[in-house]
Structure formats: C-alpha cells, structure tokens
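Enquirer: Take a look at the following structure, please.
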Amino acid sequence: MKVLGDITGGVKSIIKGLGVTISYLFRRKVTIQYPEQRPELSQRFRGIPALPVDPATGKDRCIACSACARVCPVAVISIVQGVGEDKKRYPEQFTLDSSRCIFCGLCAEVCPTHAIVMSHEFELAQTSREGMVLDLEKLHDLGGVFDTPQEPRGKPAAPAATSTTPSAAPDPQKPGLEEPGDQEKASAEKSSGSPPPDQKPQEAATEDSSTESKEPGGDK
Amino acid sequence: MPGDTAMWEMLLREIGVAAVILTFLLFVVMYPMIWGLRRIMAAFQVRIGPNRTGYQGLLQTPADALKLLAKEDIIPTAADRWPFILAPIVVFVPVFMVYVVMPFGRNLSASDLSVGVVYFSAVAGIPVIGIIMAGWASNSKWSLLGAFRAAAQLVSYEVPLVLSMMVPVVLAGTLSLQHIVQAQGNPILGGFLQGWWIFYPPAWLAFLVFFIAGIAETNMTPFDIMEAESELVAGFNTEYSGMKFALFFLAEFAEGFTLAAVAVTLFFGGWQPLFPGAEYFWLDRLFAWAEWGFPRWAQDATTLLWFLAKSLVLVFVLMWIRSTLPRVRVDQLMGFAYKMLIPLAFINLAVAGFWVVLR
C-alpha cells in the first residue's frame, strides 16, 4: 500500500511539474536581444568609473588628492596634481586603465568630493591596448554632467557618516537620505539603522525619480 | 550459381533506393526538427533560442554542422585508436537503420520486414556497443564511468521496452510494423475514432512502460545518468570533438525522433488518421469536388503527414518531460527498471493476451 501511495504521489508531482513547465513555455522571454535592445541598468550599476562635469563651471570636482589612486586595488588610476591660480588643486593628468579596472567601486566610494562616480558605461571595447587607457577628456565624456547641480560637497565626509543636506529631512537622525552623492556605506547604514519606517521609503522613492545617475539613496 | 549475381544486383539496387529516400526524408525532417526542438527547449527555459542565422535561425543547424566539420579532430594519444574512431559510427548507423522498416505512410516504407518489431529491437540495441567502445577506447575515467552506466542502463531498460512492444504485437497478431499499422484502421466507438491501440485498455500501461523505457534508451533527461554532466563531465563522449562528437549528438537527436515514431507506429496508429475517412485530411473530397484526379502517390504522401504530425507531437512531449524532470540517481534508475517496469510489463503482456483470447 505504501508503494501505491508512493506511485500516486510521484505521478501527481510529475503532472504538477509538467504543468509548471508548460506555463513557462508561453511566458514572456527574458532574453534581451542586446545590440537592438538595451538592458535596463539599475541605478547602482557599476560601469567604468568616470568624472562627471559640473554644468555650471564645465569642470569636474576632482581635487587631485589621489585617494582613489591609493585605494585602487589594481592600481589603474594615476593622477598628476596641478595647482590653479586660486590655489585650488586640480588634476593635470588623470588616467584610468580600463583594461585592468575591476569595477569594484572603491574609488567612487573613497572620493571626498564625489568627483569620481561609477558610470553606466559598459561598452568599453577598443582596438588597441593604448585605447583602453582613458584620459581626463574621455573620463569627462563618460561621466556626463552632475544632475544635481551645486550641492556644495565640500568637506571630506567620513565614510560612515551621513552628510548633511539643507533640503528638509524631517528625521534629524538621518538627514542625508536624498543626497545622491551618499556613499554605499551611508546607504547601507540607512537601511540597517533605525529610521522611522514610515518616512524612509517615501523619501527614497521621490529622490530616485529626481536624480538619475550616481548612487541613489533608496534601495530598489 | 548464375542466379546469385542477379539477386545481388537486385538487393543492391533496393538498398540504394532505400538509402536515397531515407537520406532525403531524414534531412528534410531532421534539420527543421533540430531547429524546432532547440526553439521549444529555449521557450521552456524562457529563452528565445537560435534566431539569427537565416530566417528565425533556420540555418543554425547547418552552420553548427559546418563548424563541427571544420574543427580539429582530436584523438587522445592514450586512446585506443580504432575503437575510438569506430564508436561514433557504431552509435550513429543503427539509429538510422531503424528507419528501414518504419512505415512512414501507406506503402511508404523502405522495406516491410515480416519481423519488423524484432528487427527494431535488435538494431536499437546496437548503439550500446558503440557507447561502451567509446568509453573504453577513450582511456579516460569519465568516459569509462559513463560507459559503465550506459551499459547498465541500456541493457536493463531494453527488457521492459521490448516487453511493452509485444502488446501491440499481440493485439495485431503480427510482427510487421506496416501490418500493425493496418490493424489499427478499424473504426471503433461507433465509427467515431480510428482504432489505434492506445484506445484499447491493455495498451495504456504498455505505452506508459514503452515511453518511460524509451526515454531511458534515448538517455534523455530524467534518465541521462550516463552523461550526467555535473558528475561525469560529459560521460562516454568526454574525449570526443569535432565531427565525431557531432555524430553522437545527431544520433541522440535521431533517437528521440525514432522513439516517437515507433511509439506512433505501435500505439497511435502510425499513418492512420484519428477519425475514419480523414486519411487525406479531406483533401480527397477537395480533389473530387474540383474534379481533379487524386493520384495514388499523392494519397500515400498525405498519409505521411499524419505520421509526421503525430510523431512531432510526441517529440514535443519528450521535450516537455525533458525540461521538467530532474535526473534520477543511479540506484533509483536500476531499481525502477527491475522492480517496477519489468513486472508491470510482464503482467500487462499477460493481460493483453487474455484480452485478445477472451474478446
């Protein structure tokens, strides 16, 4: 009798499984036919690091501190520092060897001015090794522009700390939610911390729609 | 003896004609079928499948064949050379030899052997030898393990396969495949359905056993332990590349179709239609209405459509099962054959005998 039960149970489960697979037969295909169709990249997609340009000044925000070059585990970034007439430092040369970049995002994370970000660019094929080395101009092109203009990022924020923003965040503990330049650690802290649960998702959602590049505050 | 040469000539000519017809049929049926199966398999996995080469990827299979032909033909230095070369041929040829007795349509079989069923089960057993040859000659532990499993599996599933094939034979009272199909031409249920054996109770279990054992014989997924890629790299064909690998691959595909075709012949009425009088898809009425002649060859050719349609439906079911069930364990596999299928097949054969005698 136990055998019969086993058999009927097995047959039932097989029929159930067949039903599942036949339903998959008519489901919409997940394949993205790449050259014609473009993948929908997530906000946190880590393409090649790039230097976005401030539309007001036409310059990037790099202060040539070389923090990215130091933190880079594969040492693909090299910077030559220059000092401008206003005594501000800027990168005279900034090269990034995309052939060896491992897309870890540490450079973007460590950058005190959020000058270097992970772009959405992933089509990096070149015909020569020299072409894989991206200079300042190419990095500007890849980075595009900052889309939240003129947030004075100023002070190097400690990685774990959330930066303060003037835009009103009702929760005094976690004011930096909508700051698009917030680093992953900050957002991780946000999600693991204890913000009032009713406010956080809403804020994050609204912020996501207004900023489209860089790291968003909200989780998806 | 003078008669001998004439007989040989006749035999050779017959073989030649049969070979031409079969090659043509297989290439016309086979290439689109491989493409279709790949697309269906892809759809089951929510993919699209080959759709770039030619219209909707129809030329993908020729392209793949060409690629495999152009590849380097590697024979490992430690391999046993001649068995290694022969093995793919030993696997490939019998799969296609089966089609010699296959009744594709009315009057459409290369040779209507009076012992067609015996011929089929004999020829279908040969690829095991090729697989064991491949495993042994490769001189690699994966190949050898795969071949061991193949030997165990194929030999033990041969028994329920043949036993369940005997049920239609008992019902039809003949071993010729063409006659078995003809015996399924009687209208049943008040002329509503054509009397395929699958509509007779003794054939239900027989078909089930036949199909399960057949899936095991063609080493498709629930029973593909002999080439379990997660355990044995690729089983017996680990060391094969290029065209030799393509032969193994093609043989496996052809075996799937063969299984479906034999199941159709034995249980689903071969080229017989589902409804009496629908042999020609009602084309005969159209031709009569238009007052054209409906030549005999055209009649026979339309019966081929029934056969192909039914076979392709069964191939689809095979794909369906293949994309659903996970692989069974080796001991489960052997236990299932000896503790379930063989006793069932024996009992069912006895029941079929009683059915025929008492009816």
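Each chain in the structure tokens gets a letter, A, B and so on, in the order shown; residues start at 1 in every chain, and ligands are counted from 1 in the order they appear.
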Using only C-alpha atoms and a distance of at most 8 Å, pull out the residues of chain B that contact chain A, as a count of residues only.
Expert: 12
Enquirer: Skipping near chain neighbours, those fewer than 3 positions away, what residues fall within 12 Å of Leu205 of chain B using only C-alpha atoms, listed as an MDAnalysis selection string?
Expert: chainID B and resid 160:161 163:165 167:168 197:202 208:212 267 340:349 351:352
Enquirer: Could you give me, as a list in words, the residues within 6 Å of Val117 of chain A, counting only C-alpha atoms and dropping anything in the same chain fewer than 2 positions from it?
Expert: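 Everything that qualifies: Pro49, Ala50, Ala108 and Ser119 of chain A.
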Enquirer: I'd like the neighbourhood of Ile85 of chain B as JSON, numbers by chain, where a residue qualifies if any of its atoms comes within 10 Å (using only C-alpha atoms), though same-chain residues fewer than 2 positions away should be ignored.
Expert: {"B": [75, 79, 80, 81, 82, 83, 87, 88, 89, 90, 133, 134, 137, 138, 240, 244]}
Enquirer: Keeping only C-alpha atoms, write those residues as a short mmCIF file (atom, residue, chain, number, x, y, z; two decimals), in the first residue's frame.
Expert:
data_model
loop_
_atom_site.label_atom_id
_atom_site.label_comp_id
_atom_site.auth_asym_id
_atom_site.auth_seq_id
_atom_site.Cartn_x
_atom_site.Cartn_y
_atom_site.Cartn_z
CA ILE B 75 42.28 11.64 -30.92
CA ALA B 79 43.19 6.35 -26.72
CA ASP B 80 42.69 3.01 -28.39
CA ARG B 81 42.70 4.35 -31.90
CA TRP B 82 40.43 2.11 -33.94
CA PRO B 83 37.63 1.58 -31.45
CA ALA B 87 32.50 4.08 -31.88
CA PRO B 88 30.58 7.13 -33.21
CA ILE B 89 29.77 5.21 -36.37
CA VAL B 90 28.55 2.20 -34.40
CA MET B 133 33.50 1.15 -27.22
CA ALA B 134 33.68 4.92 -26.91
CA ALA B 137 38.69 3.45 -26.11
CA SER B 138 38.82 6.99 -24.71
CA TYR B 240 35.27 13.39 -28.48
CA LYS B 244 32.81 12.51 -34.07
#
Enquirer: For the atom pair atom CA of Ile225 of chain B and atom CA of Ala254 of chain B, what is the interatomic distance in Å to one decimal place?
Expert: 19.1 Å
Enquirer: Check the smallest atom-to-atom distance from each of B:Leu274, B:Ala309, B:Met166, B:Ile74 to Gln194 of chain B using only C-alpha atoms, then report the winner.
Expert: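 Comparing B:Leu274, B:Ala309, B:Met166, B:Ile74 against Gln194 of chain B, the winner is B:Leu274.
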Enquirer: Tell me, as number ranges by chain, which residues lie within 12 Å of Gln81 of chain A, counting only C-alpha atoms; anything in the same chain fewer than 4 positions away does not count.
Expert: A: 62-66, 69, 87-95
